[in-house]
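To be precise, the following lines are entry38.tsv, and they hold TSV, N, CA and C atoms.
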```tsv
chain	number	residue	atom	x	y	z
A	1	MET	N	1.90	2.12	0.77
A	1	MET	CA	0.83	3.09	0.71
A	1	MET	C	-0.49	2.41	0.35
A	2	ARG	N	-0.43	1.44	-0.56
A	2	ARG	CA	-1.68	0.79	-0.99
A	2	ARG	C	-2.33	0.04	0.16
A	3	TYR	N	-1.54	-0.48	1.07
A	3	TYR	CA	-2.09	-1.24	2.19
A	3	TYR	C	-2.77	-0.30	3.19
A	4	VAL	N	-2.17	0.85	3.40
A	4	VAL	CA	-2.79	1.85	4.28
A	4	VAL	C	-4.08	2.37	3.63
A	5	ALA	N	-4.03	2.63	2.33
A	5	ALA	CA	-5.22	3.11	1.63
A	5	ALA	C	-6.35	2.07	1.70
A	6	ALA	N	-6.02	0.81	1.50
A	6	ALA	CA	-7.03	-0.25	1.58
A	6	ALA	C	-7.58	-0.34	3.00
A	7	TYR	N	-6.71	-0.20	3.99
A	7	TYR	CA	-7.15	-0.22	5.39
A	7	TYR	C	-8.15	0.91	5.64
A	8	LEU	N	-7.79	2.11	5.17
A	8	LEU	CA	-8.69	3.27	5.36
A	8	LEU	C	-10.01	3.07	4.63
A	9	LEU	N	-9.97	2.51	3.44
A	9	LEU	CA	-11.21	2.24	2.72
A	9	LEU	C	-12.08	1.26	3.50
A	10	ALA	N	-11.47	0.25	4.09
A	10	ALA	CA	-12.23	-0.71	4.88
A	10	ALA	C	-12.85	-0.05	6.10
A	11	VAL	N	-12.09	0.81	6.78
A	11	VAL	CA	-12.61	1.51	7.96
A	11	VAL	C	-13.76	2.42	7.56
A	12	PHE	N	-13.57	3.19	6.50
A	12	PHE	CA	-14.63	4.10	6.07
A	12	PHE	C	-15.82	3.34	5.49
A	13	GLY	N	-15.60	2.10	5.13
A	13	GLY	CA	-16.69	1.24	4.65
A	13	GLY	C	-17.43	0.54	5.78
A	14	GLY	N	-17.01	0.77	7.03
A	14	GLY	CA	-17.74	0.24	8.16
A	14	GLY	C	-17.01	-0.81	8.99
A	15	LYS	N	-15.83	-1.24	8.58
A	15	LYS	CA	-15.07	-2.23	9.35
A	15	LYS	C	-14.32	-1.50	10.46
A	16	ARG	N	-14.60	-1.82	11.70
A	16	ARG	CA	-13.90	-1.17	12.80
A	16	ARG	C	-12.46	-1.62	12.89
A	17	GLU	N	-12.22	-2.90	12.67
A	17	GLU	CA	-10.88	-3.45	12.71
A	17	GLU	C	-10.67	-4.35	11.50
A	18	PRO	N	-10.26	-3.77	10.37
A	18	PRO	CA	-10.07	-4.57	9.15
A	18	PRO	C	-9.04	-5.68	9.35
A	19	ALA	N	-9.29	-6.79	8.67
A	19	ALA	CA	-8.38	-7.94	8.70
A	19	ALA	C	-7.64	-8.02	7.37
A	20	VAL	N	-6.67	-8.90	7.31
A	20	VAL	CA	-5.90	-9.10	6.08
A	20	VAL	C	-6.85	-9.45	4.92
A	21	ALA	N	-7.86	-10.25	5.20
A	21	ALA	CA	-8.82	-10.64	4.16
A	21	ALA	C	-9.54	-9.42	3.58
A	22	ASP	N	-9.84	-8.43	4.42
A	22	ASP	CA	-10.50	-7.21	3.95
A	22	ASP	C	-9.58	-6.43	3.01
A	23	ILE	N	-8.32	-6.30	3.41
A	23	ILE	CA	-7.35	-5.59	2.56
A	23	ILE	C	-7.14	-6.35	1.26
A	24	GLU	N	-7.05	-7.67	1.38
A	24	GLU	CA	-6.86	-8.51	0.20
A	24	GLU	C	-8.02	-8.35	-0.78
A	25	LYS	N	-9.24	-8.28	-0.25
A	25	LYS	CA	-10.42	-8.13	-1.10
A	25	LYS	C	-10.44	-6.77	-1.80
A	26	ILE	N	-10.09	-5.73	-1.06
A	26	ILE	CA	-10.09	-4.38	-1.63
A	26	ILE	C	-9.03	-4.26	-2.72
A	27	LEU	N	-7.82	-4.71	-2.43
A	27	LEU	CA	-6.76	-4.63	-3.43
A	27	LEU	C	-7.06	-5.52	-4.63
A	28	GLY	N	-7.60	-6.70	-4.38
A	28	GLY	CA	-7.95	-7.62	-5.47
A	28	GLY	C	-9.02	-7.06	-6.38
A	29	SER	N	-9.90	-6.22	-5.83
A	29	SER	CA	-10.98	-5.65	-6.64
A	29	SER	C	-10.47	-4.72	-7.73
A	30	VAL	N	-9.23	-4.24	-7.58
A	30	VAL	CA	-8.64	-3.38	-8.60
A	30	VAL	C	-7.43	-4.04	-9.26
A	31	GLY	N	-7.33	-5.36	-9.08
A	31	GLY	CA	-6.30	-6.12	-9.77
A	31	GLY	C	-4.91	-6.07	-9.14
A	32	ILE	N	-4.84	-5.75	-7.86
A	32	ILE	CA	-3.54	-5.68	-7.19
A	32	ILE	C	-3.39	-6.90	-6.30
A	33	GLU	N	-2.27	-7.59	-6.45
A	33	GLU	CA	-1.98	-8.75	-5.61
A	33	GLU	C	-1.58	-8.27	-4.22
A	34	CYS	N	-2.11	-8.93	-3.21
A	34	CYS	CA	-1.86	-8.53	-1.83
A	34	CYS	C	-0.72	-9.35	-1.23
A	35	ASP	N	0.27	-8.65	-0.70
A	35	ASP	CA	1.35	-9.28	0.06
A	35	ASP	C	0.87	-9.33	1.51
A	36	LYS	N	0.57	-10.52	2.00
A	36	LYS	CA	-0.02	-10.67	3.33
A	36	LYS	C	0.90	-10.15	4.43
A	37	THR	N	2.21	-10.24	4.23
A	37	THR	CA	3.14	-9.72	5.23
A	37	THR	C	3.01	-8.21	5.36
A	38	LYS	N	2.93	-7.52	4.23
A	38	LYS	CA	2.78	-6.06	4.25
A	38	LYS	C	1.42	-5.65	4.79
A	39	ALA	N	0.39	-6.41	4.43
A	39	ALA	CA	-0.96	-6.12	4.94
A	39	ALA	C	-1.00	-6.29	6.45
A	40	THR	N	-0.38	-7.34	6.94
A	40	THR	CA	-0.34	-7.59	8.38
A	40	THR	C	0.42	-6.48	9.10
A	41	LEU	N	1.51	-6.02	8.51
A	41	LEU	CA	2.29	-4.93	9.10
A	41	LEU	C	1.46	-3.65	9.17
A	42	ALA	N	0.77	-3.33	8.09
A	42	ALA	CA	-0.07	-2.12	8.08
A	42	ALA	C	-1.15	-2.21	9.14
A	43	ILE	N	-1.78	-3.37	9.25
A	43	ILE	CA	-2.84	-3.56	10.25
A	43	ILE	C	-2.27	-3.40	11.65
A	44	SER	N	-1.13	-4.01	11.91
A	44	SER	CA	-0.55	-3.94	13.26
A	44	SER	C	-0.16	-2.51	13.63
A	45	GLN	N	0.26	-1.72	12.66
A	45	GLN	CA	0.66	-0.34	12.95
A	45	GLN	C	-0.54	0.60	13.09
A	46	LEU	N	-1.66	0.24	12.50
A	46	LEU	CA	-2.84	1.09	12.55
A	46	LEU	C	-3.88	0.63	13.58
A	47	LYS	N	-3.73	-0.58	14.07
A	47	LYS	CA	-4.70	-1.15	14.98
A	47	LYS	C	-4.85	-0.30	16.24
A	48	GLY	N	-6.10	-0.02	16.58
A	48	GLY	CA	-6.40	0.74	17.79
A	48	GLY	C	-6.23	2.24	17.66
A	49	LYS	N	-5.86	2.71	16.49
A	49	LYS	CA	-5.67	4.15	16.29
A	49	LYS	C	-6.90	4.74	15.61
A	50	ASN	N	-7.19	5.97	15.94
A	50	ASN	CA	-8.31	6.69	15.34
A	50	ASN	C	-7.86	7.22	13.97
A	51	VAL	N	-8.45	6.70	12.89
A	51	VAL	CA	-7.99	7.08	11.55
A	51	VAL	C	-8.26	8.54	11.24
A	52	GLU	N	-9.32	9.11	11.79
A	52	GLU	CA	-9.58	10.52	11.54
A	52	GLU	C	-8.47	11.38	12.13
A	53	GLN	N	-7.99	11.01	13.32
A	53	GLN	CA	-6.88	11.74	13.94
A	53	GLN	C	-5.59	11.55	13.15
A	54	LEU	N	-5.37	10.34	12.64
A	54	LEU	CA	-4.18	10.09	11.83
A	54	LEU	C	-4.19	10.94	10.56
A	55	ILE	N	-5.35	11.06	9.95
A	55	ILE	CA	-5.47	11.87	8.73
A	55	ILE	C	-5.19	13.33	9.04
A	56	GLU	N	-5.73	13.84	10.15
A	56	GLU	CA	-5.48	15.23	10.54
A	56	GLU	C	-3.99	15.46	10.81
A	57	GLN	N	-3.36	14.51	11.50
A	57	GLN	CA	-1.92	14.63	11.76
A	57	GLN	C	-1.14	14.62	10.45
A	58	GLY	N	-1.56	13.79	9.52
A	58	GLY	CA	-0.91	13.73	8.21
A	58	GLY	C	-1.05	15.04	7.45
A	59	LYS	N	-2.24	15.64	7.53
A	59	LYS	CA	-2.47	16.93	6.86
A	59	LYS	C	-1.54	17.99	7.43
A	60	GLU	N	-1.39	17.99	8.76
A	60	GLU	CA	-0.50	18.97	9.40
A	60	GLU	C	0.94	18.78	8.92
A	61	LYS	N	1.36	17.52	8.83
A	61	LYS	CA	2.73	17.26	8.38
A	61	LYS	C	2.91	17.66	6.92
A	62	LEU	N	1.92	17.38	6.09
A	62	LEU	CA	2.02	17.73	4.67
A	62	LEU	C	2.00	19.23	4.46
A	63	SER	N	1.34	19.96	5.34
A	63	SER	CA	1.29	21.42	5.17
A	63	SER	C	2.66	22.06	5.35
A	64	SER	N	3.57	21.37	6.03
A	64	SER	CA	4.90	21.93	6.23
A	64	SER	C	5.88	21.54	5.12
A	65	VAL	N	5.44	20.70	4.19
A	65	VAL	CA	6.30	20.26	3.09
A	65	VAL	C	6.26	21.30	1.98
A	66	PRO	N	7.41	21.78	1.53
A	66	PRO	CA	7.42	22.76	0.44
A	66	PRO	C	6.83	22.15	-0.83
A	67	ALA	N	5.97	22.90	-1.47
A	67	ALA	CA	5.35	22.41	-2.70
A	67	ALA	C	5.81	23.23	-3.89
A	68	GLY	N	6.98	23.81	-3.78
A	68	GLY	CA	7.52	24.68	-4.81
A	68	GLY	C	8.02	23.93	-6.02
A	69	GLY	N	8.98	24.46	-6.61
A	69	GLY	CA	9.56	23.89	-7.82
A	69	GLY	C	9.71	24.98	-8.87
A	70	GLY	N	9.03	26.09	-8.64
A	70	GLY	CA	9.11	27.20	-9.58
A	70	GLY	C	10.50	27.79	-9.67
A	71	ALA	N	11.22	27.84	-8.56
A	71	ALA	CA	12.57	28.41	-8.56
A	71	ALA	C	13.51	27.57	-9.41
A	72	ALA	N	13.37	26.26	-9.32
A	72	ALA	CA	14.23	25.39	-10.11
A	72	ALA	C	13.90	25.53	-11.59
A	73	ALA	N	12.63	25.66	-11.92
A	73	ALA	CA	12.25	25.80	-13.32
A	73	ALA	C	12.72	27.15	-13.87
A	74	ALA	N	12.67	28.20	-13.04
A	74	ALA	CA	13.10	29.52	-13.48
A	74	ALA	C	14.61	29.55	-13.70
A	75	ALA	N	15.35	28.78	-12.93
A	75	ALA	CA	16.80	28.78	-13.05
A	75	ALA	C	17.29	27.86	-14.17
A	76	ALA	N	16.41	27.10	-14.75
A	76	ALA	CA	16.82	26.15	-15.80
A	76	ALA	C	17.25	26.91	-17.05
A	77	PRO	N	18.22	26.39	-17.76
A	77	PRO	CA	18.64	27.04	-19.00
A	77	PRO	C	17.52	27.02	-20.05
A	78	ALA	N	17.61	27.90	-21.01
A	78	ALA	CA	16.57	28.01	-22.03
A	78	ALA	C	16.38	26.69	-22.78
A	79	ALA	N	17.43	25.94	-22.97
A	79	ALA	CA	17.33	24.67	-23.69
A	79	ALA	C	16.52	23.65	-22.91
A	80	ALA	N	16.48	23.75	-21.58
A	80	ALA	CA	15.76	22.80	-20.75
A	80	ALA	C	14.33	23.25	-20.47
A	81	ALA	N	13.95	24.43	-20.95
A	81	ALA	CA	12.61	24.95	-20.68
A	81	ALA	C	11.49	24.02	-21.15
A	82	PRO	N	11.56	23.41	-22.35
A	82	PRO	CA	10.48	22.50	-22.74
A	82	PRO	C	10.35	21.30	-21.80
A	83	ALA	N	11.45	20.76	-21.32
A	83	ALA	CA	11.39	19.63	-20.39
A	83	ALA	C	10.78	20.05	-19.07
A	84	ALA	N	11.13	21.25	-18.60
A	84	ALA	CA	10.57	21.75	-17.35
A	84	ALA	C	9.07	21.98	-17.49
A	85	ALA	N	8.65	22.51	-18.63
A	85	ALA	CA	7.23	22.74	-18.87
A	85	ALA	C	6.47	21.42	-18.90
A	86	ALA	N	7.04	20.41	-19.52
A	86	ALA	CA	6.40	19.09	-19.57
A	86	ALA	C	6.30	18.50	-18.17
A	87	ALA	N	7.36	18.65	-17.38
A	87	ALA	CA	7.34	18.12	-16.01
A	87	ALA	C	6.30	18.85	-15.17
A	88	ALA	N	6.19	20.16	-15.33
A	88	ALA	CA	5.20	20.92	-14.58
A	88	ALA	C	3.80	20.50	-14.97
A	89	GLY	N	3.55	20.26	-16.25
A	89	GLY	CA	2.24	19.80	-16.70
A	89	GLY	C	1.90	18.44	-16.13
A	90	LYS	N	2.88	17.55	-16.05
A	90	LYS	CA	2.66	16.21	-15.50
A	90	LYS	C	2.31	16.31	-14.03
A	91	SER	N	3.02	17.16	-13.31
A	91	SER	CA	2.77	17.34	-11.88
A	91	SER	C	1.35	17.85	-11.66
A	92	LYS	N	0.92	18.80	-12.47
A	92	LYS	CA	-0.43	19.34	-12.35
A	92	LYS	C	-1.45	18.24	-12.62
A	93	PHE	N	-1.21	17.43	-13.65
A	93	PHE	CA	-2.14	16.34	-13.96
A	93	PHE	C	-2.22	15.38	-12.79
A	94	ASP	N	-1.06	15.00	-12.22
A	94	ASP	CA	-1.05	14.07	-11.11
A	94	ASP	C	-1.82	14.63	-9.92
A	95	SER	N	-1.64	15.91	-9.63
A	95	SER	CA	-2.33	16.54	-8.51
A	95	SER	C	-3.83	16.55	-8.74
A	96	GLU	N	-4.24	16.89	-9.95
A	96	GLU	CA	-5.67	16.92	-10.26
A	96	GLU	C	-6.26	15.51	-10.19
A	97	PHE	N	-5.53	14.54	-10.70
A	97	PHE	CA	-6.00	13.16	-10.67
A	97	PHE	C	-6.16	12.68	-9.23
A	98	LEU	N	-5.14	12.93	-8.41
A	98	LEU	CA	-5.20	12.51	-7.01
A	98	LEU	C	-6.32	13.21	-6.25
A	99	SER	N	-6.51	14.49	-6.50
A	99	SER	CA	-7.59	15.22	-5.84
A	99	SER	C	-8.94	14.63	-6.22
A	100	THR	N	-9.14	14.36	-7.49
A	100	THR	CA	-10.39	13.77	-7.95
A	100	THR	C	-10.59	12.41	-7.34
A	101	LEU	N	-9.55	11.62	-7.29
A	101	LEU	CA	-9.64	10.27	-6.72
A	101	LEU	C	-9.99	10.34	-5.25
A	102	LEU	N	-9.33	11.21	-4.50
A	102	LEU	CA	-9.60	11.31	-3.07
A	102	LEU	C	-11.01	11.83	-2.81
A	103	LEU	N	-11.48	12.76	-3.62
A	103	LEU	CA	-12.83	13.28	-3.42
A	103	LEU	C	-13.89	12.24	-3.75
A	104	SER	N	-13.57	11.28	-4.60
A	104	SER	CA	-14.55	10.27	-4.96
A	104	SER	C	-14.66	9.16	-3.93
A	105	LEU	N	-13.74	9.14	-2.94
A	105	LEU	CA	-13.79	8.09	-1.91
A	105	LEU	C	-14.84	8.34	-0.93
```

Can the structure in the file be given as C-alpha cells, please?
Amino acid sequence: MRYVAAYLLAVFGGKREPAVADIEKILGSVGIECDKTKATLAISQLKGKNVEQLIEQGKEKLSSVPAGGGAAAAAAPAAAAPAAAAAAGKSKFDSEFLSTLLLSL
C-alpha cells in the first residue's frame, strides 16, 4: 500500500511517470525504507494507467464493502461490552485519522 500511495503522491506532485527513485525519496522523507523490488512492481502495475480513473474504480469497489460491525457488538455478551466499546472507539479514531490524512494530501 505504501508504494502505491507514494506513486500517487508523485503523480499528484507532477511526475507523469514516477520512477523507483521518486518512490524511494517520498518514502524516505517519512523514514520508511524502500524495497526496490516492491517499488518496481507497483510502478509496473500502475504504468500507463490513469490514476484518477483508478481512484474512482476503487471508490466504487469500497462502496460495496460492508462497513458494519454493530450487529457483532450488539450480540456480544455483557462481559465483553467494554472491549467492544474500546474497539469501536479505536475504529472511529482510525477512520478520522485516515480521513484527515487523505484530505491533507

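A straight line drawn from atom N of Ala21 of chain A to atom CA of Thr40 of chain A is 8.6 Å long.
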
Worksheet item: If you count only C-alpha atoms, which residues fall within 12 Å of Arg2 of chain A, apart from same-chain ones fewer than 6 positions away, as a ChimeraX atom specification?
Response: /A:8-9,23-24,26-28,30,32-35,38-39,42

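Between atom CA of Val20 of chain A and atom CA of Ile43 of chain A lies a distance of 7.6 Å.
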
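Atom C of Tyr3 of chain A to atom N of Ala67 of chain A spans 25.2 Å [interatomic distance, one decimal].
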
Kindly list the centre and edge lengths in Å, rounded to one decimal, for the axis-aligned box that covers all listed atoms of segment 43-50 of chain A plus 5 Å on each of its six sides, as JSON.
```
{"center_x": -3.8, "center_y": 1.6, "center_z": 13.5, "size_x": 19.0, "size_y": 21.2, "size_z": 18.5}
```
